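K.L.:
The structure follows.
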Amino acid sequence: HLLGLRPTTDKNRESLFNLLTVGKFAKEIDFDLDGANVLDVCCGTGAVAMECLSRDANSVFLIDDNSIHLNLAEKNAQLIKSEGQCEFLLCDVMNLKQAPKKFDLIFIDPPYLEDYKEMIKNLVEKNWIGRSALVAIEFASKNTVEELGLEDFTILDTRRYGRTSFVFAKLK
């Protein structure tokens with residue numbers, strides 16, 4: 001893929017947002033994207049974050065360790081005239097400092113070879129994932145949810161779309 005990107009496909013992104021807006025678990029936990037503060041980890045082009053803004057999220061915070069990807073995300077924010085609602089951080093997720101604020105939705109979509117367990121553990125330890133946050137993780141379907149290191153989470157839903165799977169969870 002171009003520049004090492006593996007963007008969430010349009011079809012999978014549509015499924016993701018259908019689940020976030022009308023999914024059974026979203027209703028059960030009273031999740032509302034409208035007004036939410038969203039964290040997009042390993043954001044790539046920022047397509048998921050921009051979609052959140054188009055669905056009335058309050059703000060998005062995008063993290064990537066690749067400056068080319070982050071620049072693409074910034075350009076995409078400019079294209080939809082949403083720069084004022086976006087914060088960008090060039091950083092390896094394993095080297096994050098304490099979170100600057102609380103997030104309502106955390107979308108995690110690292111390169112499939114990343115160590116999900118360590119990444120998620122670090123996000124929790126540095127308070128990027130709080131008790132009230134909904135976490136959505138995209139991962140390769142050949143992997144299992146157990147490999148993600150979600151022992152401290154309640155799994156709300158899991159979906160498989162071909163080679164890609166999503167898990168939705170909250171801290172216990």
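By order of appearance in the structure tokens: chains A, B, ..., then residues from 1 within every chain, and ligands from 1 in the order shown.
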For Cys86 in chain A, please output as a list in words all residues within 6 Å (counting only C-alpha atoms; exclusion window: fewer than 2 positions along the same chain).
P.N.:
Ser59, Val60, Phe61, Glu83 and Gly84 of chain A
K.L.:
Find the spatial neighbours of Glu51 in chain A, counting only C-alpha atoms, within a cut-off of 10 Å - ignore same-chain residues fewer than 6 positions away - and output them as a PyMOL selection string.
P.N.:
chain A and resi 13-14+17+57
K.L.:
Work out how far CA of Val48 in chain A is from CA of Ala136 in chain A, in Å to one decimal.
P.N.:
11.2 Å
K.L.:
Find the residues of range 125-168 of chain A that sit at most 8 Å from range 96-119 of chain A; for each, write down the nearest two atoms and how far apart they are in Å, to one decimal. Count only C-alpha atoms. Sort by chain, then by number going up, and give it as CSV.
P.N.:
```
residue,atom,partner,partner_atom,distance
A:Lys126,CA,A:Gln98,CA,4.6
A:Asn127,CA,A:Ala99,CA,5.5
A:Trp128,CA,A:Ala99,CA,5.0
A:Ile129,CA,A:Phe103,CA,7.2
A:Gly130,CA,A:Lys102,CA,6.7
A:Ser132,CA,A:Asp104,CA,6.8
A:Ala133,CA,A:Asp104,CA,4.5
A:Leu134,CA,A:Leu105,CA,4.9
A:Val135,CA,A:Ile106,CA,4.8
A:Ala136,CA,A:Phe107,CA,4.8
A:Ile137,CA,A:Ile108,CA,4.7
A:Glu138,CA,A:Asp109,CA,5.0
A:Phe139,CA,A:Tyr112,CA,6.3
A:Ala140,CA,A:Tyr112,CA,6.3
A:Glu147,CA,A:Lys117,CA,7.3
A:Leu148,CA,A:Lys117,CA,5.2
A:Gly149,CA,A:Lys117,CA,4.4
A:Leu150,CA,A:Lys117,CA,7.5
```
K.L.:
Leaving out Asp34 in chain A and any residue of its chain fewer than 5 positions from it, which residues lie within 9 Å of it when counting only C-alpha atoms, given as a PyMOL selection string?
P.N.:
chain A and resi 52-53+55-58
K.L.:
Might you pull out every residue within 12 Å of Glu74 in chain A, with only C-alpha atoms counted and same-chain residues fewer than 2 positions away left off, and present them as number ranges by chain?
P.N.:
A: 43-47, 49-50, 60-64, 67-72, 76-90
K.L.:
Take the residues from that selection and write them out as a short mmCIF file (atom, residue, chain, number, x, y, z; two decimals), in the first residue's frame, keeping C-alpha atoms.
P.N.:
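Final output, again-v6.cif:
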```cif
data_model
loop_
_atom_site.label_atom_id
_atom_site.label_comp_id
_atom_site.auth_asym_id
_atom_site.auth_seq_id
_atom_site.Cartn_x
_atom_site.Cartn_y
_atom_site.Cartn_z
CA CYS A 43 -4.54 7.48 12.47
CA GLY A 44 -3.03 7.09 9.01
CA THR A 45 -4.91 9.52 6.75
CA GLY A 46 -7.31 10.43 9.55
CA ALA A 47 -10.33 9.14 7.60
CA ALA A 49 -11.44 10.86 12.70
CA MET A 50 -12.79 13.04 9.86
CA VAL A 60 -10.55 14.55 17.40
CA PHE A 61 -7.03 13.88 18.61
CA LEU A 62 -4.92 12.03 16.04
CA ILE A 63 -1.72 10.15 16.82
CA ASP A 64 0.67 8.55 14.37
CA SER A 67 5.05 12.24 9.81
CA ILE A 68 3.87 11.63 6.23
CA HIS A 69 0.67 10.00 7.52
CA LEU A 70 0.10 12.80 10.04
CA ASN A 71 0.63 15.45 7.33
CA LEU A 72 -1.98 13.68 5.18
CA ASN A 76 -7.65 16.12 5.17
CA ALA A 77 -8.74 18.21 8.17
CA GLN A 78 -8.05 21.36 6.15
CA LEU A 79 -10.07 20.00 3.23
CA ILE A 80 -13.15 19.64 5.42
CA LYS A 81 -12.35 22.92 7.21
CA SER A 82 -12.12 21.23 10.62
CA GLU A 83 -8.58 22.15 11.71
CA GLY A 84 -9.96 23.91 14.80
CA GLN A 85 -11.45 20.64 16.06
CA CYS A 86 -8.29 18.59 15.49
CA GLU A 87 -5.12 18.03 17.46
CA PHE A 88 -2.22 16.11 15.96
CA LEU A 89 0.59 14.32 17.77
CA LEU A 90 3.62 12.78 16.06
#
```
K.L.:
From range 28-172 of chain A, collect each residue whose DSSP state is strand (DSSP E or B) and return the set as a count of residues only.
P.N.:
44
K.L.:
Measuring atom to atom with only C-alpha atoms, identify which of A:Ser54, A:Leu16, A:Ala169, A:Lys24 is nearest to Ala36 in chain A.
P.N.:
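So, comparing all the options, the nearest one is A:Ser54.
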K.L.:
Using only C-alpha atoms, which of the listed residues (A:Lys11, A:Leu123, A:Phe25, A:Asp65) sits closest to Leu39 in chain A?
P.N.:
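Result for the nearest residue to Leu39 in chain A: A:Leu123.
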K.L.:
Of the candidates A:Lys75, A:Asn122, A:Asn95, A:Phe168, which one gets nearest to Phe31 in chain A if we count only C-alpha atoms?
P.N.:
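Nearest to Phe31 in chain A: A:Phe168.
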